[in-house]
Structure formats: structure tokens, C-alpha cells
2 protein chains.
Amino acid sequence: MKLRYEALYMELLAIGTVESPLRDRASAPKQGDEGAPDAWLVFDPPVAEGLDGIAVGDELLVLTWLDRARRDVLRVHPRGDPANPEQGVFSTRSPDRPNPIGLHRVTVLLIDGLRLLVRDLEALHGTPIIDVKPLLGSIDER
Amino acid sequence: MKLRYEALYMELLAIGTVESPLRDRASAPKQGDEGAPDAWLVFDPPVAEGLDGIAVGDELLVLTWLDRARRDVLRVHPRGDPANPEQGVFSTRSPDRPNPIGLHRVTVLLIDGLRLLVRDLEALHGTPIIDVKPLLGSIDER
């Protein structure tokens with residue numbers, strides 16, 4: 001698979017790291033709401049200001065770089081089950097995909113400086129965090 | 001702002017490009033459901049197989065690289081309105097942020113080979129596409 005390459009403009013910078021009891025893919029649930037443990041989002045000091053406005057109870061979307069995923073995979077058996085017919089990765093949530101970006105919906109349980117304890121995160125220990133966004137409410141709440 | 005740098009593992013590859021009547025930030029709505037036009041997702045031939053399983057009517061999450069955003073910004077006035085007190089970018093949907101990844105919820109209107117026409121996309125013409133994921137249903141539908 002040979003893809004267009006625009007590295008000059010498309011280099012990601014880690015803004016933090018996941019601390020979690022999950023150490024390998026085999027032990028991780030497929031999605032956060034399928035039994036993932038609480039985990040810490042530990043942010044790097046240079047981005048501290050960017051966290052201003054996040055509060056306990058907020059629902060956030062956390063984007064991570066799934067550094068243990070394969071990037072040369074375009075078709076998978078959904079949920080890793082050989083009984084499911086193969087599909088293109090873009091119609092699945094497989095971590096294996098050309099740009100292995102994880103998208104996780106979490107709830108903030110505790111804030112301790114640069115550390116946020118969150119519920120329902122299936123990312124593995126050591127996974128780089130690349131972005132955090134608020135969940136959007138309905139239009140009239142924005 | 002000096003961030004940890006892990007470029008070796010964190011270089012994004014464009015998988016396609018947005019074709020849209022939106023040509024600049026001033027003309028784009030803040031969110032897709034605030035009046036964005038229909039737009040085409042045009043995928044690169046090497047990732048064609050990855051699209052297998054996407055159908056008209058599907059709701060998708062499209063991830064883009066917001067190539068006209070600033071990466072050195074950590075605080076913004078939400079929605080670009082000076083009347084809103086500044087907040088950290090991670091509690092806003094500002095395109096300006098350390099890793100300017102756009103997250104767009106769209107509906108597929110038409111599929112023509114490597115081209116998908118979608119509703120409600122506020123990304124600008126020429127924006128690189130980096131990933132596509134299905135919206136997750138409730139646990140018992142997975």
C-alpha cells in the first residue's frame with residue numbers, strides 16, 4: 001500500500017500519555033464501555049494551559065496514537081472474530097488501519113494538576129495522547 | 001511550546017482529500033450541523049479496499065488534518081467570539097490546537113467508486129482525510 005506522503009505538515013506531537021492497568025491488546029476490551037478500567041491521562045507540562053476549562057464530570061473525546069497497531073491493514077474480521085466476514089477497516093473500529101488513531105469517549109472523575117482520572121478508557125498503558133475535545137451538546141447549548 | 005517529539009511513529013498519511021465549496025475559514029460554519037454544504041470525500045486508490053462495507057445512509061466519523069490551522073495556540077475565545085472568556089483549546093472545538101485533527105460526523109448520501117458524497121461537513125476544500133470510522137451503536141448492536 002503506497003500512500004501519498006505529506007509528512008512536512010502531518011507530524012503528530014504527543015501531548016501526554018495514558019497510564020492504565022491494561023498492558024497488552026489481548027487484555028483490553030474492544031471499546032471503553034465494555035469493561036475498561038479507570039485510567040489516568042497524564043499531560044506534558046508544555047500543554048498545561050490547554051486544559052483550562054476541563055472539569056470533573058465532563059465527557060471528553062480523547063484521541064490517541066495506537067502505537068501497537070499495524071498500519072498496513074485494510075481489511076479485518078470485525079471485532080477480531082473470524083466468524084465475521086472481512087470488511088474494510090474504515091467501516092470498523094479496528095485499531096489496525098493506515099493512521100491508527102484511537103477515539104475514546106470518557107468521563108472525567110478527578111483532576112490533579114496535569115493528571116486526569118477518567119472512566120471507560122480501553123487504551124493501553126503508555127499510549128500517546130494526541131488531542132482532547134469536548135463532546136458537543138445540541139446546537140442551542142453551544 | 002516545546003513538545004515531546006515522536007515523529008518516527010507518528011507521521012500521518014493522507015488517505016484522501018475533501019472536495020467542498022468551502023474555500024476559507026471565514027466562510028465555513030463552526031460545526032457541520034450549523035449549515036455546512038454537502039461535500040465529497042475523495043479517497044486515494046491505495047486505500048480502496050478499506051472502504052468496503054460503507055453504505056449509503058451510514059453515519060460516519062471523518063478525521064481530517066486541518067492544514068490551515070495554527071499549532072502554537074493553547075488558549076482561545078470559544079467560537080472565535082471575543083465576548084467569550086478564553087479557555088484551553090482542549091475544552092473547545094477550535095481548529096487551532098497542537099495537533100489540528102478535525103472530527104466530523106457526516107451522513108453518506110452517495111457512493112461513486114472512491115468518491116463519497118456526504119452531508120454536514122464543515123472542512124475546507126483540499127483538507128486531507130486521515131481516517132474514517134463508523135459511529136458506534138449501543139453495545140448490543142455491535
# chains A, B, ... in the order shown; residues from 1 in each chain; ligands from 1
>>> residues_around(residues="A:Ile130", least_positions_apart="4", cutoff="6 Å", atoms="only C-alpha atoms", output="PyMOL selection string")
chain A and resi 14-15+63-64
>>> write_last_selection(atoms="N, CA and C atoms", output="CSV table (one decimal), in the first residue's frame")
chain,number,residue,atom,x,y,z
A,14,ALA,N,3.1,14.3,20.7
A,14,ALA,CA,2.4,13.8,21.8
A,14,ALA,C,2.1,14.9,22.8
A,15,ILE,N,0.9,15.0,23.4
A,15,ILE,CA,0.6,16.0,24.4
A,15,ILE,C,0.6,15.3,25.8
A,63,LEU,N,-8.3,11.5,21.8
A,63,LEU,CA,-7.6,11.0,20.6
A,63,LEU,C,-6.3,10.5,21.0
A,64,THR,N,-6.0,9.2,20.7
A,64,THR,CA,-4.7,8.7,21.0
A,64,THR,C,-4.0,8.1,19.7
>>> select_by_dssp(residues="stretch 4-124 of chain A", states="strand (DSSP E or B)", output="number ranges by chain")
A: 5, 11, 13, 16-19, 39-43, 59-65, 75-76, 87-88, 101-112, 115-119
>>> closest_atom_pairs(of="chain B", to="chain A", cutoff="7 Å", atoms="only C-alpha atoms", output="JSON lines")
{"residue": "B:Met1", "atom": "CA", "partner": "A:Pro46", "partner_atom": "CA", "distance": 5.7}
{"residue": "B:Lys2", "atom": "CA", "partner": "A:Pro46", "partner_atom": "CA", "distance": 6.2}
{"residue": "B:Leu3", "atom": "CA", "partner": "A:Leu13", "partner_atom": "CA", "distance": 6.4}
{"residue": "B:Arg4", "atom": "CA", "partner": "A:Ala14", "partner_atom": "CA", "distance": 5.9}
{"residue": "B:Tyr5", "atom": "CA", "partner": "A:Leu13", "partner_atom": "CA", "distance": 5.5}
{"residue": "B:Glu6", "atom": "CA", "partner": "A:Leu13", "partner_atom": "CA", "distance": 6.6}
{"residue": "B:Ala7", "atom": "CA", "partner": "A:Glu11", "partner_atom": "CA", "distance": 6.0}
{"residue": "B:Met10", "atom": "CA", "partner": "A:Leu12", "partner_atom": "CA", "distance": 5.4}
{"residue": "B:Glu11", "atom": "CA", "partner": "A:Glu11", "partner_atom": "CA", "distance": 4.7}
{"residue": "B:Leu12", "atom": "CA", "partner": "A:Met10", "partner_atom": "CA", "distance": 5.4}
{"residue": "B:Leu13", "atom": "CA", "partner": "A:Tyr5", "partner_atom": "CA", "distance": 5.5}
{"residue": "B:Ala14", "atom": "CA", "partner": "A:Arg4", "partner_atom": "CA", "distance": 6.0}
{"residue": "B:Ile15", "atom": "CA", "partner": "A:Leu3", "partner_atom": "CA", "distance": 6.9}
{"residue": "B:Pro46", "atom": "CA", "partner": "A:Met1", "partner_atom": "CA", "distance": 5.6}
{"residue": "B:Val47", "atom": "CA", "partner": "A:Leu74", "partner_atom": "CA", "distance": 6.9}
{"residue": "B:Glu49", "atom": "CA", "partner": "A:Gly88", "partner_atom": "CA", "distance": 5.7}
{"residue": "B:Gly50", "atom": "CA", "partner": "A:Gly88", "partner_atom": "CA", "distance": 3.7}
{"residue": "B:Leu51", "atom": "CA", "partner": "A:Gly88", "partner_atom": "CA", "distance": 5.1}
{"residue": "B:Asp52", "atom": "CA", "partner": "A:Gly88", "partner_atom": "CA", "distance": 4.4}
{"residue": "B:Gly53", "atom": "CA", "partner": "A:Ser91", "partner_atom": "CA", "distance": 5.7}
{"residue": "B:Ile54", "atom": "CA", "partner": "A:Ser91", "partner_atom": "CA", "distance": 5.7}
{"residue": "B:Leu74", "atom": "CA", "partner": "A:Gly50", "partner_atom": "CA", "distance": 4.6}
{"residue": "B:Arg75", "atom": "CA", "partner": "A:Gly50", "partner_atom": "CA", "distance": 5.9}
{"residue": "B:Gln87", "atom": "CA", "partner": "A:Asp52", "partner_atom": "CA", "distance": 5.7}
{"residue": "B:Gly88", "atom": "CA", "partner": "A:Gly50", "partner_atom": "CA", "distance": 3.7}
{"residue": "B:Val89", "atom": "CA", "partner": "A:Gly50", "partner_atom": "CA", "distance": 5.0}
{"residue": "B:Phe90", "atom": "CA", "partner": "A:Val132", "partner_atom": "CA", "distance": 5.1}
{"residue": "B:Ser91", "atom": "CA", "partner": "A:Pro134", "partner_atom": "CA", "distance": 5.4}
{"residue": "B:Thr92", "atom": "CA", "partner": "A:Pro134", "partner_atom": "CA", "distance": 6.1}
{"residue": "B:Arg93", "atom": "CA", "partner": "A:Lys133", "partner_atom": "CA", "distance": 6.1}
{"residue": "B:Asn99", "atom": "CA", "partner": "A:Leu12", "partner_atom": "CA", "distance": 6.0}
{"residue": "B:Ile130", "atom": "CA", "partner": "A:Asn99", "partner_atom": "CA", "distance": 6.5}
{"residue": "B:Asp131", "atom": "CA", "partner": "A:Asn99", "partner_atom": "CA", "distance": 6.5}
{"residue": "B:Val132", "atom": "CA", "partner": "A:Phe90", "partner_atom": "CA", "distance": 5.1}
{"residue": "B:Lys133", "atom": "CA", "partner": "A:Phe90", "partner_atom": "CA", "distance": 5.3}
{"residue": "B:Pro134", "atom": "CA", "partner": "A:Ser91", "partner_atom": "CA", "distance": 5.4}
>>> calpha_fit_and_write(fixed="chain B", moving="chain A", output="mmCIF file with C-alpha atoms, in the first residue's frame")
data_model
loop_
_atom_site.group_PDB
_atom_site.id
_atom_site.type_symbol
_atom_site.label_atom_id
_atom_site.label_comp_id
_atom_site.auth_asym_id
_atom_site.auth_seq_id
_atom_site.Cartn_x
_atom_site.Cartn_y
_atom_site.Cartn_z
ATOM 1 C CA MET A 1 5.668 25.457 23.470
ATOM 2 C CA LYS A 2 8.141 22.597 23.249
ATOM 3 C CA LEU A 3 6.521 19.194 22.950
ATOM 4 C CA ARG A 4 7.890 15.718 23.067
ATOM 5 C CA TYR A 5 8.558 14.610 19.534
ATOM 6 C CA GLU A 6 7.962 11.079 18.350
ATOM 7 C CA ALA A 7 7.879 11.617 14.626
ATOM 8 C CA LEU A 8 9.263 8.203 13.835
ATOM 9 C CA TYR A 9 6.007 6.623 14.947
ATOM 10 C CA MET A 10 3.575 9.433 14.471
ATOM 11 C CA GLU A 11 3.594 10.498 10.857
ATOM 12 C CA LEU A 12 0.154 10.685 9.311
ATOM 13 C CA LEU A 13 -0.524 9.565 5.758
ATOM 14 C CA ALA A 14 -3.311 11.196 3.774
ATOM 15 C CA ILE A 15 -5.894 8.630 2.652
ATOM 16 C CA GLY A 16 -7.908 11.140 0.627
ATOM 17 C CA THR A 17 -8.999 14.739 0.247
ATOM 18 C CA VAL A 18 -12.129 16.819 0.837
ATOM 19 C CA GLU A 19 -13.796 18.469 -2.157
ATOM 20 C CA SER A 20 -16.102 21.216 -0.945
ATOM 21 C CA PRO A 21 -17.464 24.614 -1.975
ATOM 22 C CA LEU A 22 -15.943 25.953 1.289
ATOM 23 C CA ARG A 23 -12.703 27.686 0.387
ATOM 24 C CA ASP A 24 -11.644 29.557 3.533
ATOM 25 C CA ARG A 25 -12.198 29.586 7.257
ATOM 26 C CA ALA A 26 -14.246 32.772 7.215
ATOM 27 C CA SER A 27 -16.930 31.154 5.053
ATOM 28 C CA ALA A 28 -17.091 27.847 6.953
ATOM 29 C CA PRO A 29 -19.645 27.185 9.693
ATOM 30 C CA LYS A 30 -18.234 26.312 13.123
ATOM 31 C CA GLN A 31 -19.725 22.811 13.021
ATOM 32 C CA GLY A 32 -21.098 20.596 10.271
ATOM 33 C CA ASP A 33 -24.676 20.759 11.543
ATOM 34 C CA GLU A 34 -24.641 24.561 11.494
ATOM 35 C CA GLY A 35 -25.219 24.901 7.774
ATOM 36 C CA ALA A 36 -22.313 23.111 6.129
ATOM 37 C CA PRO A 37 -22.810 22.175 2.474
ATOM 38 C CA ASP A 38 -22.657 18.685 1.014
ATOM 39 C CA ALA A 39 -19.069 17.727 0.209
ATOM 40 C CA TRP A 40 -17.145 14.885 -1.434
ATOM 41 C CA LEU A 41 -14.695 12.638 0.337
ATOM 42 C CA VAL A 42 -12.295 11.566 -2.419
ATOM 43 C CA PHE A 43 -10.157 8.608 -1.398
ATOM 44 C CA ASP A 44 -6.773 7.651 -2.794
ATOM 45 C CA PRO A 45 -6.725 4.420 -4.855
ATOM 46 C CA PRO A 46 -4.347 2.534 -2.480
ATOM 47 C CA VAL A 47 -6.949 2.542 0.320
ATOM 48 C CA ALA A 48 -9.922 1.463 -1.825
ATOM 49 C CA GLU A 49 -10.271 -1.895 -0.066
ATOM 50 C CA GLY A 50 -10.633 -0.139 3.276
ATOM 51 C CA LEU A 51 -13.950 1.384 2.158
ATOM 52 C CA ASP A 52 -15.653 -1.980 1.744
ATOM 53 C CA GLY A 53 -18.730 -2.115 3.978
ATOM 54 C CA ILE A 54 -19.606 1.585 3.862
ATOM 55 C CA ALA A 55 -23.146 2.126 2.525
ATOM 56 C CA VAL A 56 -25.451 5.007 1.632
ATOM 57 C CA GLY A 57 -27.195 6.244 4.764
ATOM 58 C CA ASP A 58 -24.307 5.328 7.099
ATOM 59 C CA GLU A 59 -23.292 7.829 9.737
ATOM 60 C CA LEU A 60 -19.516 8.137 9.836
ATOM 61 C CA LEU A 61 -16.886 9.963 11.808
ATOM 62 C CA VAL A 62 -14.383 11.530 9.445
ATOM 63 C CA LEU A 63 -10.993 12.587 10.792
ATOM 64 C CA THR A 64 -9.158 15.261 8.845
ATOM 65 C CA TRP A 65 -5.916 17.195 9.131
ATOM 66 C CA LEU A 66 -6.891 20.860 9.456
ATOM 67 C CA ASP A 67 -3.997 22.114 7.401
ATOM 68 C CA ARG A 68 -4.908 25.771 7.694
ATOM 69 C CA ALA A 69 -4.992 25.758 11.499
ATOM 70 C CA ARG A 70 -2.333 27.100 13.881
ATOM 71 C CA ARG A 71 -0.482 24.599 16.062
ATOM 72 C CA ASP A 72 1.049 27.048 18.544
ATOM 73 C CA VAL A 73 -2.245 28.015 20.213
ATOM 74 C CA LEU A 74 -3.269 26.709 23.657
ATOM 75 C CA ARG A 75 -5.956 29.246 24.640
ATOM 76 C CA VAL A 76 -8.827 30.622 22.555
ATOM 77 C CA HIS A 77 -12.054 32.560 22.842
ATOM 78 C CA PRO A 78 -14.647 29.799 22.242
ATOM 79 C CA ARG A 79 -16.300 30.037 18.826
ATOM 80 C CA GLY A 80 -13.893 32.855 17.969
ATOM 81 C CA ASP A 81 -16.061 35.332 19.872
ATOM 82 C CA PRO A 82 -14.018 37.826 21.974
ATOM 83 C CA ALA A 83 -17.035 38.112 24.307
ATOM 84 C CA ASN A 84 -16.421 34.521 25.432
ATOM 85 C CA PRO A 85 -13.674 34.283 28.085
ATOM 86 C CA GLU A 86 -10.529 32.447 26.978
ATOM 87 C CA GLN A 87 -10.372 28.710 27.594
ATOM 88 C CA GLY A 88 -7.822 25.997 26.994
ATOM 89 C CA VAL A 89 -8.126 24.562 23.488
ATOM 90 C CA PHE A 90 -8.774 21.047 24.815
ATOM 91 C CA SER A 91 -12.103 22.182 26.273
ATOM 92 C CA THR A 92 -13.133 23.668 22.900
ATOM 93 C CA ARG A 93 -13.533 22.538 19.293
ATOM 94 C CA SER A 94 -11.148 25.198 17.995
ATOM 95 C CA PRO A 95 -9.287 24.064 14.857
ATOM 96 C CA ASP A 96 -6.205 25.771 16.304
ATOM 97 C CA ARG A 97 -4.518 23.254 18.650
ATOM 98 C CA PRO A 98 -1.216 21.330 18.897
ATOM 99 C CA ASN A 99 -2.480 18.500 16.657
ATOM 100 C CA PRO A 100 -5.124 20.049 14.402
ATOM 101 C CA ILE A 101 -7.255 16.984 13.811
ATOM 102 C CA GLY A 102 -10.817 17.655 12.697
ATOM 103 C CA LEU A 103 -13.556 15.287 13.839
ATOM 104 C CA HIS A 104 -16.690 15.410 11.689
ATOM 105 C CA ARG A 105 -19.925 13.476 11.938
ATOM 106 C CA VAL A 106 -21.411 13.031 8.476
ATOM 107 C CA THR A 107 -24.070 11.021 6.657
ATOM 108 C CA VAL A 108 -23.269 9.224 3.400
ATOM 109 C CA LEU A 109 -25.572 10.411 0.590
ATOM 110 C CA LEU A 110 -24.006 8.752 -2.446
ATOM 111 C CA ILE A 111 -21.109 6.418 -3.265
ATOM 112 C CA ASP A 112 -19.335 6.590 -6.615
ATOM 113 C CA GLY A 113 -16.269 4.342 -6.495
ATOM 114 C CA LEU A 114 -13.660 6.150 -4.435
ATOM 115 C CA ARG A 115 -15.898 9.205 -3.986
ATOM 116 C CA LEU A 116 -18.405 9.545 -1.143
ATOM 117 C CA LEU A 117 -20.866 12.445 -1.112
ATOM 118 C CA VAL A 118 -21.617 13.391 2.502
ATOM 119 C CA ARG A 119 -23.921 15.776 4.328
ATOM 120 C CA ASP A 120 -22.796 18.225 7.015
ATOM 121 C CA LEU A 121 -19.053 18.592 6.511
ATOM 122 C CA GLU A 122 -17.514 21.915 7.510
ATOM 123 C CA ALA A 123 -13.955 21.022 6.400
ATOM 124 C CA LEU A 124 -12.428 23.252 3.729
ATOM 125 C CA HIS A 125 -11.707 22.251 0.128
ATOM 126 C CA GLY A 126 -8.399 20.406 -0.083
ATOM 127 C CA THR A 127 -8.329 19.268 3.547
ATOM 128 C CA PRO A 128 -6.513 15.905 3.846
ATOM 129 C CA ILE A 129 -8.591 12.996 5.146
ATOM 130 C CA ILE A 130 -6.705 10.808 7.626
ATOM 131 C CA ASP A 131 -9.294 8.312 8.900
ATOM 132 C CA VAL A 132 -12.933 7.240 8.728
ATOM 133 C CA LYS A 133 -14.734 5.322 11.471
ATOM 134 C CA PRO A 134 -18.313 4.115 11.889
ATOM 135 C CA LEU A 135 -20.424 5.705 14.572
ATOM 136 C CA LEU A 136 -20.784 3.151 17.361
ATOM 137 C CA GLY A 137 -24.291 1.982 18.141
ATOM 138 C CA SER A 138 -25.382 0.716 21.527
ATOM 139 C CA ILE A 139 -23.460 -2.244 22.936
ATOM 140 C CA ASP A 140 -25.994 -4.880 21.864
ATOM 141 C CA GLU A 141 -25.819 -3.712 18.226
ATOM 142 C CA ARG A 142 -22.065 -4.262 17.853
#
>>> select_by_dssp(residues="chain A", states="helix (DSSP H, G or I)", output="MDAnalysis selection string")
chainID A and resid 25:27 45:51 78:80 89:91 139:141
